[in-house]
file work16.tsv (TSV, N, CA and C atoms)
chain	number	residue	atom	x	y	z
V	1	MET	N	-3.19	31.29	14.24
V	1	MET	CA	-3.96	30.16	13.75
V	1	MET	C	-4.12	30.32	12.24
V	2	THR	N	-3.92	29.24	11.51
V	2	THR	CA	-4.11	29.25	10.07
V	2	THR	C	-5.56	28.90	9.76
V	3	ILE	N	-6.20	29.75	8.98
V	3	ILE	CA	-7.59	29.51	8.57
V	3	ILE	C	-7.65	29.70	7.06
V	4	ARG	N	-8.31	28.75	6.37
V	4	ARG	CA	-8.48	28.92	4.93
V	4	ARG	C	-9.89	28.51	4.54
V	5	THR	N	-10.40	29.19	3.54
V	5	THR	CA	-11.73	28.90	3.02
V	5	THR	C	-11.63	27.71	2.07
V	6	ILE	N	-12.59	26.79	2.19
V	6	ILE	CA	-12.67	25.61	1.33
V	6	ILE	C	-13.83	25.80	0.36
V	7	SER	N	-13.63	25.47	-0.90
V	7	SER	CA	-14.68	25.55	-1.92
V	7	SER	C	-15.41	26.89	-1.92
V	8	PRO	N	-14.66	28.00	-2.06
V	8	PRO	CA	-15.36	29.29	-2.00
V	8	PRO	C	-16.39	29.42	-3.11
V	9	ASN	N	-17.48	30.12	-2.80
V	9	ASN	CA	-18.55	30.34	-3.78
V	9	ASN	C	-18.09	31.29	-4.85
V	10	ALA	N	-18.76	31.23	-5.97
V	10	ALA	CA	-18.59	32.26	-6.99
V	10	ALA	C	-19.07	33.57	-6.37
V	11	ALA	N	-18.66	34.66	-6.92
V	11	ALA	CA	-19.04	35.97	-6.38
V	11	ALA	C	-20.54	36.21	-6.61
V	12	ASP	N	-21.36	35.70	-5.71
V	12	ASP	CA	-22.80	35.86	-5.87
V	12	ASP	C	-23.39	36.81	-4.83
V	13	GLY	N	-22.52	37.46	-4.06
V	13	GLY	CA	-22.99	38.47	-3.12
V	13	GLY	C	-23.45	37.96	-1.78
V	14	ARG	N	-23.49	36.63	-1.59
V	14	ARG	CA	-23.95	36.09	-0.29
V	14	ARG	C	-22.79	36.05	0.70
V	15	PRO	N	-23.04	36.34	1.97
V	15	PRO	CA	-22.00	36.24	2.99
V	15	PRO	C	-21.91	34.79	3.49
V	16	TYR	N	-21.40	33.91	2.65
V	16	TYR	CA	-21.44	32.47	2.92
V	16	TYR	C	-20.22	31.80	2.30
V	17	VAL	N	-19.60	30.89	3.04
V	17	VAL	CA	-18.58	30.00	2.48
V	17	VAL	C	-18.96	28.58	2.87
V	18	PRO	N	-18.74	27.59	1.99
V	18	PRO	CA	-19.11	26.22	2.28
V	18	PRO	C	-18.37	25.60	3.46
V	19	ALA	N	-17.09	25.98	3.63
V	19	ALA	CA	-16.32	25.39	4.72
V	19	ALA	C	-15.08	26.22	5.01
V	20	VAL	N	-14.57	26.03	6.23
V	20	VAL	CA	-13.33	26.66	6.65
V	20	VAL	C	-12.48	25.59	7.31
V	21	ALA	N	-11.20	25.56	6.95
V	21	ALA	CA	-10.25	24.67	7.62
V	21	ALA	C	-9.44	25.51	8.60
V	22	ALA	N	-9.31	25.02	9.81
V	22	ALA	CA	-8.58	25.73	10.85
V	22	ALA	C	-7.38	24.91	11.30
V	23	ARG	N	-6.23	25.54	11.30
V	23	ARG	CA	-4.99	24.92	11.74
V	23	ARG	C	-4.62	23.68	10.94
V	24	GLY	N	-5.22	23.50	9.76
V	24	GLY	CA	-4.90	22.35	8.93
V	24	GLY	C	-5.43	21.04	9.47
V	25	GLU	N	-6.21	21.08	10.54
V	25	GLU	CA	-6.71	19.87	11.18
V	25	GLU	C	-8.23	19.76	11.16
V	26	LEU	N	-8.88	20.84	11.47
V	26	LEU	CA	-10.34	20.83	11.60
V	26	LEU	C	-10.97	21.46	10.38
V	27	VAL	N	-12.03	20.82	9.88
V	27	VAL	CA	-12.79	21.36	8.76
V	27	VAL	C	-14.23	21.55	9.23
V	28	PHE	N	-14.68	22.79	9.19
V	28	PHE	CA	-16.03	23.14	9.60
V	28	PHE	C	-16.86	23.36	8.33
V	29	VAL	N	-17.80	22.47	8.07
V	29	VAL	CA	-18.62	22.55	6.86
V	29	VAL	C	-19.95	23.21	7.21
V	30	SER	N	-20.24	24.29	6.50
V	30	SER	CA	-21.50	24.99	6.69
V	30	SER	C	-22.68	24.10	6.30
V	31	GLY	N	-23.86	24.47	6.77
V	31	GLY	CA	-25.05	23.71	6.45
V	31	GLY	C	-25.21	23.52	4.95
V	32	GLN	N	-25.34	22.27	4.55
V	32	GLN	CA	-25.51	21.93	3.13
V	32	GLN	C	-26.96	21.51	2.90
V	33	ILE	N	-27.51	22.02	1.81
V	33	ILE	CA	-28.88	21.71	1.45
V	33	ILE	C	-28.88	20.87	0.18
V	34	PRO	N	-30.03	20.30	-0.17
V	34	PRO	CA	-30.09	19.39	-1.32
V	34	PRO	C	-30.06	20.10	-2.67
V	35	LEU	N	-28.92	20.69	-2.99
V	35	LEU	CA	-28.73	21.34	-4.28
V	35	LEU	C	-27.84	20.48	-5.17
V	36	ARG	N	-28.19	20.40	-6.43
V	36	ARG	CA	-27.35	19.77	-7.44
V	36	ARG	C	-27.35	20.70	-8.64
V	37	ASP	N	-26.17	21.15	-9.03
V	37	ASP	CA	-26.04	22.10	-10.15
V	37	ASP	C	-26.92	23.34	-9.93
V	38	GLY	N	-26.99	23.79	-8.70
V	38	GLY	CA	-27.73	25.00	-8.38
V	38	GLY	C	-29.23	24.85	-8.26
V	39	GLU	N	-29.73	23.63	-8.43
V	39	GLU	CA	-31.17	23.38	-8.36
V	39	GLU	C	-31.49	22.46	-7.18
V	40	LEU	N	-32.60	22.73	-6.50
V	40	LEU	CA	-33.04	21.83	-5.43
V	40	LEU	C	-33.43	20.49	-6.03
V	41	VAL	N	-33.04	19.41	-5.35
V	41	VAL	CA	-33.45	18.07	-5.77
V	41	VAL	C	-34.55	17.60	-4.84
V	42	GLY	N	-35.22	16.56	-5.27
V	42	GLY	CA	-36.27	16.03	-4.41
V	42	GLY	C	-37.23	15.21	-5.23
V	43	PRO	N	-38.38	14.93	-4.74
V	43	PRO	CA	-38.94	15.48	-3.52
V	43	PRO	C	-38.69	14.62	-2.28
V	44	SER	N	-38.21	13.39	-2.46
V	44	SER	CA	-38.11	12.49	-1.30
V	44	SER	C	-36.97	12.89	-0.37
V	45	ILE	N	-37.15	12.61	0.90
V	45	ILE	CA	-36.11	12.89	1.89
V	45	ILE	C	-34.86	12.06	1.59
V	46	GLU	N	-35.04	10.87	1.04
V	46	GLU	CA	-33.88	10.03	0.69
V	46	GLU	C	-33.04	10.70	-0.40
V	47	THR	N	-33.68	11.17	-1.45
V	47	THR	CA	-32.97	11.84	-2.54
V	47	THR	C	-32.30	13.11	-2.04
V	48	GLN	N	-33.00	13.86	-1.23
V	48	GLN	CA	-32.44	15.10	-0.68
V	48	GLN	C	-31.24	14.80	0.22
V	49	THR	N	-31.35	13.79	1.05
V	49	THR	CA	-30.25	13.44	1.95
V	49	THR	C	-29.03	12.98	1.16
V	50	GLN	N	-29.23	12.20	0.12
V	50	GLN	CA	-28.11	11.77	-0.72
V	50	GLN	C	-27.42	12.98	-1.34
V	51	ALA	N	-28.19	13.95	-1.82
V	51	ALA	CA	-27.61	15.15	-2.42
V	51	ALA	C	-26.82	15.96	-1.40
V	52	VAL	N	-27.35	16.09	-0.19
V	52	VAL	CA	-26.66	16.82	0.87
V	52	VAL	C	-25.31	16.17	1.15
V	53	PHE	N	-25.29	14.85	1.30
V	53	PHE	CA	-24.02	14.18	1.61
V	53	PHE	C	-23.07	14.16	0.41
V	54	ALA	N	-23.58	14.19	-0.80
V	54	ALA	CA	-22.71	14.33	-1.97
V	54	ALA	C	-22.02	15.70	-1.93
V	55	ASN	N	-22.76	16.74	-1.56
V	55	ASN	CA	-22.17	18.07	-1.43
V	55	ASN	C	-21.11	18.09	-0.34
V	56	ILE	N	-21.41	17.47	0.79
V	56	ILE	CA	-20.45	17.42	1.90
V	56	ILE	C	-19.20	16.67	1.48
V	57	GLU	N	-19.37	15.54	0.81
V	57	GLU	CA	-18.20	14.76	0.35
V	57	GLU	C	-17.33	15.59	-0.58
V	58	SER	N	-17.93	16.34	-1.48
V	58	SER	CA	-17.18	17.18	-2.40
V	58	SER	C	-16.38	18.25	-1.66
V	59	ILE	N	-17.01	18.92	-0.73
V	59	ILE	CA	-16.34	19.96	0.05
V	59	ILE	C	-15.20	19.36	0.87
V	60	LEU	N	-15.48	18.25	1.53
V	60	LEU	CA	-14.42	17.61	2.34
V	60	LEU	C	-13.26	17.18	1.45
V	61	GLY	N	-13.56	16.69	0.25
V	61	GLY	CA	-12.49	16.30	-0.67
V	61	GLY	C	-11.57	17.47	-0.98
V	62	ASP	N	-12.15	18.67	-1.15
V	62	ASP	CA	-11.35	19.87	-1.40
V	62	ASP	C	-10.45	20.20	-0.22
V	63	ALA	N	-10.83	19.74	0.97
V	63	ALA	CA	-10.05	20.00	2.19
V	63	ALA	C	-9.10	18.86	2.52
V	64	GLY	N	-9.10	17.80	1.70
V	64	GLY	CA	-8.24	16.65	1.99
V	64	GLY	C	-8.83	15.69	2.99
V	65	ALA	N	-10.14	15.68	3.11
V	65	ALA	CA	-10.82	14.82	4.08
V	65	ALA	C	-11.91	14.02	3.38
V	66	THR	N	-12.51	13.09	4.10
V	66	THR	CA	-13.63	12.28	3.61
V	66	THR	C	-14.70	12.23	4.68
V	67	VAL	N	-15.83	11.59	4.37
V	67	VAL	CA	-16.88	11.45	5.38
V	67	VAL	C	-16.39	10.61	6.56
V	68	ASP	N	-15.39	9.76	6.35
V	68	ASP	CA	-14.84	8.98	7.46
V	68	ASP	C	-14.15	9.87	8.49
V	69	ASP	N	-13.83	11.10	8.12
V	69	ASP	CA	-13.17	12.05	9.02
V	69	ASP	C	-14.15	12.91	9.80
V	70	ILE	N	-15.44	12.78	9.52
V	70	ILE	CA	-16.45	13.58	10.23
V	70	ILE	C	-16.56	13.10	11.67
V	71	VAL	N	-16.51	14.05	12.60
V	71	VAL	CA	-16.65	13.72	14.02
V	71	VAL	C	-17.94	14.24	14.63
V	72	ARG	N	-18.60	15.16	13.93
V	72	ARG	CA	-19.86	15.70	14.43
V	72	ARG	C	-20.73	16.17	13.27
V	73	CYS	N	-22.04	15.91	13.38
V	73	CYS	CA	-23.02	16.40	12.40
V	73	CYS	C	-24.14	17.12	13.14
V	74	GLY	N	-24.61	18.18	12.53
V	74	GLY	CA	-25.84	18.83	12.95
V	74	GLY	C	-26.86	18.57	11.85
V	75	VAL	N	-27.98	17.98	12.21
V	75	VAL	CA	-29.00	17.62	11.22
V	75	VAL	C	-30.25	18.43	11.51
V	76	PHE	N	-30.77	19.05	10.46
V	76	PHE	CA	-31.96	19.88	10.56
V	76	PHE	C	-32.99	19.30	9.60
V	77	LEU	N	-34.11	18.81	10.15
V	77	LEU	CA	-35.16	18.20	9.34
V	77	LEU	C	-36.40	19.07	9.34
V	78	GLY	N	-36.98	19.24	8.17
V	78	GLY	CA	-38.21	20.00	8.05
V	78	GLY	C	-39.40	19.28	8.66
V	79	ASP	N	-39.29	17.95	8.77
V	79	ASP	CA	-40.36	17.14	9.35
V	79	ASP	C	-39.71	15.98	10.09
V	80	LEU	N	-39.84	15.96	11.41
V	80	LEU	CA	-39.20	14.90	12.20
V	80	LEU	C	-39.77	13.52	11.88
V	81	ALA	N	-40.92	13.46	11.24
V	81	ALA	CA	-41.46	12.16	10.81
V	81	ALA	C	-40.57	11.53	9.74
V	82	ASP	N	-39.71	12.34	9.08
V	82	ASP	CA	-38.78	11.82	8.07
V	82	ASP	C	-37.53	11.20	8.68
V	83	LEU	N	-37.39	11.26	10.01
V	83	LEU	CA	-36.16	10.78	10.65
V	83	LEU	C	-35.81	9.33	10.30
V	84	PRO	N	-36.73	8.38	10.33
V	84	PRO	CA	-36.35	7.00	9.98
V	84	PRO	C	-35.81	6.89	8.54
V	85	ARG	N	-36.42	7.62	7.61
V	85	ARG	CA	-35.96	7.55	6.22
V	85	ARG	C	-34.63	8.28	6.05
V	86	PHE	N	-34.44	9.38	6.77
V	86	PHE	CA	-33.15	10.06	6.78
V	86	PHE	C	-32.09	9.12	7.34
V	87	ASN	N	-32.41	8.47	8.46
V	87	ASN	CA	-31.44	7.56	9.11
V	87	ASN	C	-31.01	6.42	8.19
V	88	ALA	N	-31.89	5.93	7.34
V	88	ALA	CA	-31.53	4.84	6.42
V	88	ALA	C	-30.41	5.28	5.49
V	89	VAL	N	-30.48	6.50	4.98
V	89	VAL	CA	-29.42	7.02	4.11
V	89	VAL	C	-28.17	7.32	4.95
V	90	TYR	N	-28.35	7.92	6.10
V	90	TYR	CA	-27.24	8.27	7.01
V	90	TYR	C	-26.42	7.03	7.35
V	91	GLU	N	-27.10	5.93	7.64
V	91	GLU	CA	-26.41	4.68	7.96
V	91	GLU	C	-25.56	4.19	6.79
V	92	ARG	N	-26.04	4.35	5.57
V	92	ARG	CA	-25.25	3.94	4.39
V	92	ARG	C	-24.04	4.85	4.20
V	93	VAL	N	-24.20	6.13	4.47
V	93	VAL	CA	-23.09	7.08	4.31
V	93	VAL	C	-21.97	6.73	5.28
V	94	PHE	N	-22.30	6.47	6.53
V	94	PHE	CA	-21.28	6.28	7.56
V	94	PHE	C	-20.91	4.82	7.82
V	95	ARG	N	-21.61	3.89	7.20
V	95	ARG	CA	-21.25	2.46	7.27
V	95	ARG	C	-20.93	1.97	8.69
V	96	GLY	N	-21.74	2.40	9.65
V	96	GLY	CA	-21.60	1.88	11.00
V	96	GLY	C	-20.64	2.63	11.90
V	97	ARG	N	-19.86	3.56	11.38
V	97	ARG	CA	-18.96	4.37	12.21
V	97	ARG	C	-19.56	5.78	12.25
V	98	PHE	N	-20.38	6.00	13.25
V	98	PHE	CA	-21.16	7.23	13.30
V	98	PHE	C	-20.47	8.33	14.10
V	99	PRO	N	-20.54	9.56	13.59
V	99	PRO	CA	-20.08	10.71	14.37
V	99	PRO	C	-21.13	11.08	15.41
V	100	THR	N	-20.76	11.96	16.33
V	100	THR	CA	-21.77	12.49	17.23
V	100	THR	C	-22.76	13.30	16.40
V	101	ARG	N	-23.97	13.43	16.91
V	101	ARG	CA	-24.99	14.09	16.09
V	101	ARG	C	-26.05	14.73	16.95
V	102	THR	N	-26.51	15.88	16.48
V	102	THR	CA	-27.69	16.52	17.02
V	102	THR	C	-28.69	16.61	15.87
V	103	THR	N	-29.94	16.24	16.13
V	103	THR	CA	-30.99	16.32	15.12
V	103	THR	C	-32.14	17.14	15.68
V	104	VAL	N	-32.55	18.14	14.91
V	104	VAL	CA	-33.66	19.00	15.35
V	104	VAL	C	-34.64	19.19	14.20
V	105	GLY	N	-35.88	19.42	14.57
V	105	GLY	CA	-36.90	19.78	13.59
V	105	GLY	C	-36.95	21.29	13.46
V	106	VAL	N	-36.94	21.77	12.21
V	106	VAL	CA	-36.93	23.20	11.95
V	106	VAL	C	-37.81	23.52	10.74
V	107	ASP	N	-38.11	24.77	10.57
V	107	ASP	CA	-38.86	25.23	9.40
V	107	ASP	C	-37.85	25.53	8.30
V	108	LEU	N	-37.78	24.68	7.28
V	108	LEU	CA	-36.85	24.85	6.18
V	108	LEU	C	-37.59	25.38	4.96
V	109	PRO	N	-37.00	26.31	4.22
V	109	PRO	CA	-37.69	26.97	3.11
V	109	PRO	C	-37.66	26.19	1.80
V	110	GLY	N	-38.55	25.21	1.67
V	110	GLY	CA	-38.70	24.52	0.39
V	110	GLY	C	-37.90	23.25	0.21
V	111	TYR	N	-37.25	22.78	1.25
V	111	TYR	CA	-36.53	21.51	1.20
V	111	TYR	C	-36.66	20.84	2.57
V	112	GLY	N	-36.26	19.56	2.65
V	112	GLY	CA	-36.53	18.81	3.86
V	112	GLY	C	-35.37	18.55	4.80
V	113	VAL	N	-34.12	18.82	4.35
V	113	VAL	CA	-32.99	18.48	5.20
V	113	VAL	C	-31.81	19.42	4.94
V	114	GLU	N	-31.10	19.72	6.02
V	114	GLU	CA	-29.85	20.47	5.95
V	114	GLU	C	-28.90	19.82	6.96
V	115	VAL	N	-27.63	19.70	6.59
V	115	VAL	CA	-26.64	19.07	7.47
V	115	VAL	C	-25.37	19.92	7.47
V	116	ASP	N	-24.85	20.19	8.67
V	116	ASP	CA	-23.51	20.76	8.80
V	116	ASP	C	-22.65	19.74	9.51
V	117	CYS	N	-21.34	19.92	9.46
V	117	CYS	CA	-20.48	18.94	10.12
V	117	CYS	C	-19.11	19.52	10.43
V	118	ILE	N	-18.40	18.79	11.27
V	118	ILE	CA	-16.99	19.07	11.59
V	118	ILE	C	-16.22	17.80	11.31
V	119	ALA	N	-15.10	17.95	10.61
V	119	ALA	CA	-14.23	16.81	10.32
V	119	ALA	C	-12.82	17.09	10.83
V	120	VAL	N	-12.12	16.03	11.15
V	120	VAL	CA	-10.70	16.12	11.52
V	120	VAL	C	-9.93	15.44	10.40
V	121	VAL	N	-9.08	16.20	9.72
V	121	VAL	CA	-8.32	15.64	8.60
V	121	VAL	C	-7.53	14.45	9.09
V	122	SER	N	-7.60	13.34	8.34
V	122	SER	CA	-7.01	12.05	8.77
V	122	SER	C	-5.60	12.16	9.29
V	123	GLY	N	-4.74	12.87	8.59
V	123	GLY	CA	-3.35	12.98	9.00
V	123	GLY	C	-3.17	13.70	10.32
V	124	ALA	N	-4.20	14.43	10.77
V	124	ALA	CA	-4.11	15.20	12.00
V	124	ALA	C	-4.59	14.42	13.22
V	125	ARG	N	-5.20	13.25	12.98
V	125	ARG	CA	-5.73	12.47	14.11
V	125	ARG	C	-4.64	11.67	14.77
V	126	GLU	N	-4.82	11.46	16.06
V	126	GLU	CA	-3.86	10.61	16.78
V	126	GLU	C	-4.32	9.19	16.78

call {"tool": "encode", "arguments": {"input": "work16.tsv", "output": "structure tokens"}}
result
Amino acid sequence: MTIRTISPNAADGRPYVPAVAARGELVFVSGQIPLRDGELVGPSIETQTQAVFANIESILGDAGATVDDIVRCGVFLGDLADLPRFNAVYERVFRGRFPTRTTVGVDLPGYGVEVDCIAVVSGARE
């Protein structure tokens, strides 16, 4: 099986990679948090969600994919009361073609949302 790291981090000592492509078809994107230029953005869940999906789009672009290629998302919210506001941004990102999704409430350290996803590179789909 061919596996390659997508958007590898600078050597910062963390055991973390943003994404891995497997067999040239599947892209597994690690949980993305609302960082822009290394700084947390916020404070609104809308701003944080936009930043998370901007990060995901960038990583997918490095793998030859787009958000249209996402088939599954895992959503982690620091406060489930933010779900309607998160969903408003999510709907704009996916424009009515939604991937499967799991959403859970979790204790997040200083931010309100984290999203991971799996994408199938367009050329690999039947």

call {"tool": "residues_around", "arguments": {"input": "work16.tsv", "residues": "Gly31 (chain V)", "least_positions_apart": "3", "cutoff": "7 Å", "atoms": "all atoms listed in the file", "output": "ChimeraX atom specification"}}
result
/V:18,114-117

call {"tool": "write_last_selection", "arguments": {"input": "work16.tsv", "atoms": "N, CA and C atoms", "output": "tab-separated table (two decimals), in the coordinates of the input"}}
result
chain	number	residue	atom	x	y	z
V	18	PRO	N	-18.74	27.59	1.99
V	18	PRO	CA	-19.11	26.22	2.28
V	18	PRO	C	-18.37	25.60	3.46
V	114	GLU	N	-31.10	19.72	6.02
V	114	GLU	CA	-29.85	20.47	5.95
V	114	GLU	C	-28.90	19.82	6.96
V	115	VAL	N	-27.63	19.70	6.59
V	115	VAL	CA	-26.64	19.07	7.47
V	115	VAL	C	-25.37	19.92	7.47
V	116	ASP	N	-24.85	20.19	8.67
V	116	ASP	CA	-23.51	20.76	8.80
V	116	ASP	C	-22.65	19.74	9.51
V	117	CYS	N	-21.34	19.92	9.46
V	117	CYS	CA	-20.48	18.94	10.12
V	117	CYS	C	-19.11	19.52	10.43

call {"tool": "atom_distance", "arguments": {"input": "work16.tsv", "atom1": "atom N of Ile70 (chain V)", "atom2": "atom N of Thr100 (chain V)"}}
result
8.7 Å

call {"tool": "atom_distance", "arguments": {"input": "work16.tsv", "atom1": "CA of Leu108 (chain V)", "atom2": "CA of Leu77 (chain V)"}}
result
7.6 Å

call {"tool": "atom_distance", "arguments": {"input": "work16.tsv", "atom1": "CA of Gln32 (chain V)", "atom2": "CA of Phe53 (chain V)"}}
result
8.0 Å

call {"tool": "residues_near_point", "arguments": {"input": "work16.tsv", "point": "(-11.1, 18.9, 13.1)", "cutoff": "6.5 Å", "atoms": "all atoms listed in the file", "output": "PyMOL selection string"}}
result
chain V and resi 25-27+118-121

call {"tool": "residues_around", "arguments": {"input": "work16.tsv", "residues": "region 65-69 of chain V", "least_positions_apart": "6", "cutoff": "8 Å", "atoms": "only N, CA and C atoms", "output": "list in words"}}
result
Ile56, Glu57, Ser58, Ile59, Val93, Phe94, Arg97, Pro99, Ile118, Ala119, Val120, Val121, Ser122 and Gly123 of chain V

call {"tool": "select_by_dssp", "arguments": {"input": "work16.tsv", "residues": "chain V", "states": "strand (DSSP E)", "output": "count of residues only"}}
result
41

call {"tool": "residues_near_point", "arguments": {"input": "work16.tsv", "point": "(-38.0, 17.4, -3.3)", "cutoff": "12 Å", "atoms": "only C-alpha atoms", "output": "list of chain:residue names"}}
result
V:Ile33, V:Pro34, V:Leu35, V:Arg36, V:Glu39, V:Leu40, V:Val41, V:Gly42, V:Pro43, V:Ser44, V:Ile45, V:Glu46, V:Thr47, V:Gln48, V:Thr49, V:Gln50, V:Ala51, V:Gly78, V:Pro109, V:Gly110, V:Tyr111, V:Gly112, V:Val113

call {"tool": "select_by_dssp", "arguments": {"input": "work16.tsv", "residues": "chain V", "states": "helix (DSSP H, G or I)", "output": "PyMOL selection string"}}
result
chain V and resi 45-62+67-69+80-94+122-124

call {"tool": "closest_residue", "arguments": {"input": "work16.tsv", "among": "V:Ala81, V:Val89, V:Ala19, V:Val104", "to": "Leu60 (chain V)", "atoms": "only N, CA and C atoms"}}
result
V:Ala19

call {"tool": "build_atoms", "arguments": {"input": "work16.tsv", "residues": "region 45-53 of chain V", "atoms": "all heavy atoms", "output": "compact mmCIF listing (two decimals), keeping the file's coordinate frame"}}
result
# COMPACT_ATOMS: atom_id res chain seq x y z
N ILE V 45 -37.15 12.61 0.90
CA ILE V 45 -36.11 12.89 1.89
C ILE V 45 -34.86 12.06 1.59
O ILE V 45 -33.74 12.51 1.82
CB ILE V 45 -36.62 12.68 3.33
CG1 ILE V 45 -35.66 13.30 4.35
CG2 ILE V 45 -36.83 11.21 3.63
CD1 ILE V 45 -35.59 14.81 4.28
N GLU V 46 -35.04 10.87 1.04
CA GLU V 46 -33.88 10.03 0.69
C GLU V 46 -33.04 10.70 -0.40
O GLU V 46 -31.81 10.79 -0.27
CB GLU V 46 -34.33 8.64 0.23
CG GLU V 46 -34.97 7.80 1.31
CD GLU V 46 -36.50 7.99 1.41
OE1 GLU V 46 -37.06 8.92 0.79
OE2 GLU V 46 -37.13 7.20 2.13
N THR V 47 -33.68 11.17 -1.45
CA THR V 47 -32.97 11.84 -2.54
C THR V 47 -32.30 13.11 -2.04
O THR V 47 -31.15 13.41 -2.38
CB THR V 47 -33.93 12.16 -3.70
OG1 THR V 47 -34.51 10.95 -4.17
CG2 THR V 47 -33.23 12.88 -4.83
N GLN V 48 -33.00 13.86 -1.23
CA GLN V 48 -32.44 15.10 -0.68
C GLN V 48 -31.24 14.80 0.22
O GLN V 48 -30.23 15.49 0.15
CB GLN V 48 -33.51 15.89 0.06
CG GLN V 48 -34.55 16.47 -0.87
CD GLN V 48 -35.49 17.43 -0.17
OE1 GLN V 48 -35.24 17.87 0.96
NE2 GLN V 48 -36.58 17.76 -0.83
N THR V 49 -31.35 13.79 1.05
CA THR V 49 -30.25 13.44 1.95
C THR V 49 -29.03 12.98 1.16
O THR V 49 -27.89 13.36 1.49
CB THR V 49 -30.70 12.35 2.95
OG1 THR V 49 -31.84 12.84 3.68
CG2 THR V 49 -29.59 11.97 3.92
N GLN V 50 -29.23 12.20 0.12
CA GLN V 50 -28.11 11.77 -0.72
C GLN V 50 -27.42 12.98 -1.34
O GLN V 50 -26.18 13.04 -1.40
CB GLN V 50 -28.59 10.81 -1.80
CG GLN V 50 -29.00 9.46 -1.26
CD GLN V 50 -29.79 8.63 -2.27
OE1 GLN V 50 -30.15 9.08 -3.35
NE2 GLN V 50 -30.08 7.40 -1.89
N ALA V 51 -28.19 13.95 -1.82
CA ALA V 51 -27.61 15.15 -2.42
C ALA V 51 -26.82 15.96 -1.40
O ALA V 51 -25.73 16.47 -1.69
CB ALA V 51 -28.71 16.01 -3.05
N VAL V 52 -27.35 16.09 -0.19
CA VAL V 52 -26.66 16.82 0.87
C VAL V 52 -25.31 16.17 1.15
O VAL V 52 -24.28 16.85 1.22
CB VAL V 52 -27.53 16.87 2.15
CG1 VAL V 52 -26.71 17.26 3.36
CG2 VAL V 52 -28.70 17.82 1.95
N PHE V 53 -25.29 14.85 1.30
CA PHE V 53 -24.02 14.18 1.61
C PHE V 53 -23.07 14.16 0.41
O PHE V 53 -21.85 14.19 0.60
CB PHE V 53 -24.24 12.80 2.22
CG PHE V 53 -24.54 12.89 3.69
CD1 PHE V 53 -25.84 12.73 4.15
CD2 PHE V 53 -23.54 13.18 4.60
CE1 PHE V 53 -26.13 12.86 5.51
CE2 PHE V 53 -23.81 13.32 5.95
CZ PHE V 53 -25.10 13.15 6.41
